[in-house]
$ cat run_13.cif   # mmCIF, C-alpha atoms
data_start
#
loop_
_atom_site.group_PDB
_atom_site.id
_atom_site.type_symbol
_atom_site.label_atom_id
_atom_site.label_comp_id
_atom_site.auth_asym_id
_atom_site.auth_seq_id
_atom_site.Cartn_x
_atom_site.Cartn_y
_atom_site.Cartn_z
ATOM 1 C CA MET G 8 0.000 0.000 0.000
ATOM 2 C CA ARG G 9 1.248 3.415 -0.993
ATOM 3 C CA GLU G 10 1.644 6.068 1.656
ATOM 4 C CA CYS G 11 0.278 9.504 1.008
ATOM 5 C CA SER G 12 0.832 12.542 3.186
ATOM 6 C CA TRP G 13 -1.971 14.926 4.011
ATOM 7 C CA ALA G 14 -0.036 17.741 2.362
ATOM 8 C CA ALA G 15 0.293 15.793 -0.902
ATOM 9 C CA LEU G 16 -3.389 14.874 -0.813
ATOM 10 C CA GLY G 17 -4.374 18.492 -0.215
ATOM 11 C CA ALA G 18 -2.167 19.669 -3.069
ATOM 12 C CA ARG G 19 -3.710 17.099 -5.418
ATOM 13 C CA GLN G 20 -7.228 18.162 -4.447
ATOM 14 C CA GLY G 21 -6.217 21.787 -5.127
ATOM 15 C CA GLU G 22 -5.015 20.819 -8.616
ATOM 16 C CA ILE G 23 -8.285 19.012 -9.336
ATOM 17 C CA ALA G 24 -10.320 22.007 -8.152
ATOM 18 C CA ALA G 25 -8.248 24.354 -10.346
ATOM 19 C CA LEU G 26 -8.780 22.113 -13.385
ATOM 20 C CA LYS G 27 -12.544 22.058 -12.742
ATOM 21 C CA ARG G 28 -12.620 25.862 -12.457
ATOM 22 C CA ALA G 29 -10.679 26.202 -15.719
ATOM 23 C CA GLU G 30 -13.010 23.746 -17.444
ATOM 24 C CA HIS G 31 -16.063 25.647 -16.139
ATOM 25 C CA THR G 32 -14.614 28.977 -17.316
ATOM 26 C CA ASP G 33 -13.812 27.474 -20.724
ATOM 27 C CA THR G 34 -17.386 26.176 -21.025
ATOM 28 C CA GLN G 35 -18.724 29.611 -20.152
ATOM 29 C CA ARG G 36 -16.443 31.275 -22.699
ATOM 30 C CA HIS G 37 -17.007 28.854 -25.573
ATOM 31 C CA GLY G 38 -20.501 27.619 -24.820
ATOM 32 C CA HIS G 39 -23.672 28.856 -26.430
ATOM 33 C CA THR G 40 -23.662 32.234 -24.734
ATOM 34 C CA ASP G 41 -22.637 35.248 -26.770
ATOM 35 C CA THR G 42 -20.577 36.875 -24.032
ATOM 36 C CA HIS G 43 -17.166 36.046 -25.444
ATOM 37 C CA THR G 44 -15.710 36.785 -28.849
ATOM 38 C CA ASP G 45 -13.062 34.673 -30.575
ATOM 39 C CA MET G 46 -10.796 35.370 -33.544
ATOM 40 C CA ASN G 47 -10.893 33.142 -36.603
ATOM 41 C CA ILE G 48 -7.547 31.546 -37.462
ATOM 42 C CA ASP G 49 -7.560 32.981 -41.022
ATOM 43 C CA THR G 50 -7.331 36.555 -39.721
ATOM 44 C CA GLN G 51 -3.511 36.425 -39.670
ATOM 45 C CA GLU G 52 -3.447 35.403 -43.327
ATOM 46 C CA ALA G 53 -5.804 38.263 -44.280
ATOM 47 C CA TYR G 54 -3.658 40.746 -42.325
ATOM 48 C CA ASN G 55 -0.515 39.521 -44.082
ATOM 49 C CA LEU G 56 -2.140 39.976 -47.507
ATOM 50 C CA VAL G 57 -2.456 43.726 -46.906
ATOM 51 C CA ARG G 58 1.074 44.034 -45.524
ATOM 52 C CA ASP G 59 2.627 42.057 -48.398
ATOM 53 C CA ASP G 60 4.112 44.386 -51.045
ATOM 54 C CA ALA G 61 3.797 41.602 -53.626
ATOM 55 C CA THR G 62 -0.036 41.636 -53.518
ATOM 56 C CA GLU G 63 -2.412 44.292 -54.792
ATOM 57 C CA VAL G 64 -4.682 43.905 -51.771
ATOM 58 C CA ASN G 65 -4.890 47.291 -50.014
ATOM 59 C CA TRP G 66 -7.554 46.554 -47.442
ATOM 60 C CA VAL G 67 -9.294 43.796 -45.565
ATOM 61 C CA THR G 68 -12.271 43.818 -43.250
ATOM 62 C CA PHE G 69 -12.746 41.758 -40.141
ATOM 63 C CA LYS G 70 -16.404 41.197 -39.345
ATOM 64 C CA TYR G 71 -18.567 39.315 -36.901
ATOM 65 C CA ASN G 72 -19.874 35.848 -37.655
ATOM 66 C CA GLY G 73 -21.869 35.146 -34.517
ATOM 67 C CA SER G 74 -19.376 35.569 -31.685
ATOM 68 C CA THR G 75 -16.305 35.035 -33.867
ATOM 69 C CA ILE G 76 -14.387 37.723 -35.729
ATOM 70 C CA VAL G 77 -13.553 36.469 -39.221
ATOM 71 C CA PRO G 78 -11.929 37.960 -42.306
ATOM 72 C CA GLY G 79 -14.537 39.660 -44.455
ATOM 73 C CA ASP G 80 -13.986 41.295 -47.802
ATOM 74 C CA GLN G 81 -10.705 42.461 -49.265
ATOM 75 C CA GLY G 82 -9.827 44.655 -52.183
ATOM 76 C CA VAL G 83 -7.708 47.181 -53.971
ATOM 77 C CA ASP G 84 -9.924 50.281 -54.192
ATOM 78 C CA TYR G 85 -10.530 52.302 -51.009
ATOM 79 C CA GLU G 86 -13.938 53.429 -52.265
ATOM 80 C CA THR G 87 -15.052 49.789 -52.247
ATOM 81 C CA PHE G 88 -13.921 49.521 -48.625
ATOM 82 C CA LYS G 89 -15.974 52.610 -47.740
ATOM 83 C CA ARG G 90 -19.094 51.008 -49.226
ATOM 84 C CA LYS G 91 -18.683 48.100 -46.757
ATOM 85 C CA CYS G 92 -19.117 50.572 -43.906
ATOM 86 C CA THR G 93 -22.905 50.705 -43.740
ATOM 87 C CA ASP G 94 -25.054 52.055 -40.915
ATOM 88 C CA ASP G 95 -26.130 48.597 -39.716
ATOM 89 C CA VAL G 96 -22.688 46.985 -39.261
ATOM 90 C CA ARG G 97 -19.640 47.129 -37.077
ATOM 91 C CA LEU G 98 -16.363 45.991 -38.551
ATOM 92 C CA PHE G 99 -12.633 46.432 -38.340
ATOM 93 C CA GLY G 100 -10.668 47.467 -41.405
ATOM 94 C CA PHE G 101 -6.941 47.180 -41.957
ATOM 95 C CA VAL G 102 -6.016 49.540 -44.791
ATOM 96 C CA ARG G 103 -2.800 50.340 -46.678
ATOM 97 C CA PHE G 104 -2.255 53.940 -47.805
ATOM 98 C CA THR G 105 0.601 55.411 -49.805
ATOM 99 C CA THR G 106 1.664 58.806 -48.488
ATOM 100 C CA GLY G 107 4.550 61.129 -49.116
ATOM 101 C CA ASP G 108 5.617 63.525 -51.813
ATOM 102 C CA ALA G 109 7.220 63.354 -55.245
ATOM 103 C CA MET G 110 10.604 62.626 -53.670
ATOM 104 C CA SER G 111 9.565 59.934 -51.238
ATOM 105 C CA LYS G 112 6.575 57.594 -51.149
ATOM 106 C CA ARG G 113 5.827 55.730 -47.940
ATOM 107 C CA VAL G 114 3.343 53.017 -47.105
ATOM 108 C CA LYS G 115 1.289 53.615 -43.966
ATOM 109 C CA PHE G 116 -1.280 51.322 -42.417
ATOM 110 C CA ALA G 117 -4.449 52.288 -40.577
ATOM 111 C CA LEU G 118 -6.698 50.275 -38.303
ATOM 112 C CA ILE G 119 -10.245 51.536 -38.765
ATOM 113 C CA THR G 120 -12.994 50.516 -36.386
ATOM 114 C CA TRP G 121 -16.325 51.245 -38.059
ATOM 115 C CA ILE G 122 -19.470 51.365 -35.933
ATOM 116 C CA GLY G 123 -22.565 52.176 -37.975
ATOM 117 C CA GLU G 124 -25.227 54.591 -36.729
ATOM 118 C CA ASP G 125 -27.844 51.814 -36.371
ATOM 119 C CA VAL G 126 -25.658 49.501 -34.237
ATOM 120 C CA SER G 127 -27.130 48.909 -30.764
ATOM 121 C CA GLY G 128 -25.540 50.373 -27.650
ATOM 122 C CA LEU G 129 -24.533 46.965 -26.301
ATOM 123 C CA GLN G 130 -22.827 46.014 -29.572
ATOM 124 C CA ARG G 131 -21.090 49.412 -29.676
ATOM 125 C CA ALA G 132 -19.676 48.846 -26.198
ATOM 126 C CA LYS G 133 -18.613 45.284 -27.016
ATOM 127 C CA THR G 134 -16.750 46.487 -30.113
ATOM 128 C CA GLY G 135 -14.268 48.321 -27.902
ATOM 129 C CA THR G 136 -13.324 45.198 -25.969
ATOM 130 C CA ASP G 137 -13.336 43.030 -29.094
ATOM 131 C CA LYS G 138 -10.815 45.362 -30.681
ATOM 132 C CA THR G 139 -8.165 44.011 -28.313
ATOM 133 C CA LEU G 140 -8.536 40.635 -30.053
ATOM 134 C CA VAL G 141 -8.110 42.260 -33.450
ATOM 135 C CA LYS G 142 -4.988 44.044 -32.204
ATOM 136 C CA GLU G 143 -3.444 40.691 -31.294
ATOM 137 C CA VAL G 144 -3.298 40.049 -35.041
ATOM 138 C CA VAL G 145 -3.185 43.580 -36.488
ATOM 139 C CA GLN G 146 -0.138 44.811 -34.628
ATOM 140 C CA ASN G 147 1.576 47.208 -37.014
ATOM 141 C CA PHE G 148 -0.271 50.360 -38.004
ATOM 142 C CA ALA G 149 0.551 54.064 -37.968
ATOM 143 C CA LYS G 150 -2.789 55.242 -36.617
ATOM 144 C CA GLU G 151 -6.023 53.877 -35.280
ATOM 145 C CA PHE G 152 -9.417 55.364 -36.069
ATOM 146 C CA VAL G 153 -12.823 54.784 -34.470
ATOM 147 C CA ILE G 154 -15.391 56.066 -36.949
ATOM 148 C CA SER G 155 -19.174 56.137 -37.158
ATOM 149 C CA ASP G 156 -19.569 59.129 -39.501
ATOM 150 C CA HIS G 157 -19.144 58.530 -43.231
ATOM 151 C CA LYS G 158 -17.399 61.931 -43.610
ATOM 152 C CA GLU G 159 -14.517 60.702 -41.479
ATOM 153 C CA LEU G 160 -13.916 57.843 -43.931
ATOM 154 C CA ASP G 161 -12.759 60.406 -46.498
ATOM 155 C CA GLU G 162 -9.471 59.185 -47.983
ATOM 156 C CA ASP G 163 -7.804 62.608 -47.861
ATOM 157 C CA TYR G 164 -8.766 63.013 -44.194
ATOM 158 C CA ILE G 165 -7.282 59.604 -43.310
ATOM 159 C CA LYS G 166 -4.087 60.270 -45.304
ATOM 160 C CA ASN G 167 -3.677 63.668 -43.640
ATOM 161 C CA GLU G 168 -4.032 62.083 -40.189
ATOM 162 C CA LEU G 169 -1.480 59.412 -41.150
ATOM 163 C CA LYS G 170 0.898 62.107 -42.336
ATOM 164 C CA LYS G 171 0.548 63.925 -38.999
ATOM 165 C CA ALA G 172 1.176 60.681 -37.119
ATOM 166 C CA GLY G 173 4.319 60.099 -39.179
ATOM 167 C CA GLY G 174 6.254 62.967 -37.652
ATOM 168 C CA ALA G 175 8.356 65.311 -39.797
ATOM 169 C CA ASN G 176 6.726 66.668 -42.944
ATOM 170 C CA TYR G 177 9.068 67.771 -45.708
ATOM 171 C CA ASP G 178 6.357 68.340 -48.353
ATOM 172 C CA ALA G 179 6.545 72.129 -47.968
ATOM 173 C CA GLN G 180 10.253 72.298 -48.841
ATOM 174 C CA THR G 181 11.281 73.280 -52.340
ATOM 175 C CA GLU G 182 14.605 73.013 -54.081
#

$ encode --input "run_13.cif" --output "structure tokens"
Amino acid sequence: MRECSWAALGARQGEIAALKRAEHTDTQRHGHTDTHTDMNIDTQEAYNLVRDDATEVNWVTFKYNGSTIVPGDQGVDYETFKRKCTDDVRLFGFVRFTTGDAMSKRVKFALITWIGEDVSGLQRAKTGTDKTLVKEVVQNFAKEFVISDHKELDEDYIKNELKKAGGANYDAQTE
């Protein structure tokens, strides 16, 4: 017969209790409730498409599919991206912009959180916490925008904000 000390038995019971708590928490997080949001595994691939200089993809959206954030549409033309931002949706956009002057062109990336006017208050609030999941994948960007007004999606406005975020501006210099 194997001897077991009370301390060892207590430690083992503590481990079992911790495992049960973790299992219960996992069930709560991944069960049928819509209180937790997950990221789809393909989001990294979509993010890399925009960052890759060898592709023509300039933007990608990340949208909700139930309680999971998944890659949505992607494209080349920024105007097409803007049309995805309708009043009844909330989405995250990762967009490539080319800024600079005639002497120097630079690629800048923006993370745009779009929250349409018709999105409920609870979903609006949840978007803020869900953005932390998106930022685990979308890590490199010059500026982040939270937008719910179509005027703020103006390409010149975004580029100007990216230029300001970039620091020194030599566009005004002449030879």

$ resolve_selection --input "run_13.cif" --expression "the PyMOL selection byres ((chain G and resi 135) around 12)" --output "MDAnalysis selection string"
chainID G and resid 44 97:99 120:122 128:134 136:142 152:154

$ resolve_selection --input "run_13.cif" --expression "the PyMOL selection byres ((chain G and resi 52) around 12)" --output "list in words"
Asn47, Ile48, Asp49, Thr50, Gln51, Ala53, Tyr54, Asn55, Leu56, Val57, Arg58, Asp59, Val67, Phe69, Val77, Pro78, Gly79, Gln81, Val144 and Val145 of chain G

$ resolve_selection --input "run_13.cif" --expression "the PyMOL selection byres ((chain G and resi 84) around 10)" --output "VMD selection string"
chain G and resid 63 to 66 81 to 83 85 to 89

$ atom_distance --input "run_13.cif" --atom1 "atom CA of G:Thr105" --atom2 "atom CA of G:Lys166"
8.1 Å

$ atom_distance --input "run_13.cif" --atom1 "atom CA of G:Thr93" --atom2 "atom CA of G:Glu124"
8.3 Å

$ atom_distance --input "run_13.cif" --atom1 "atom CA of G:Thr75" --atom2 "atom CA of G:Ile165"
27.8 Å

$ closest_residue --input "run_13.cif" --among "G:Lys115, G:Tyr164, G:Thr68, G:Ser74" --to "G:Lys91" --atoms "all atoms listed in the file"
G:Thr68

$ closest_residue --input "run_13.cif" --among "G:Ala61, G:Leu169, G:Glu143, G:Val96" --to "G:Ala117" --atoms "only C-alpha atoms"
G:Leu169
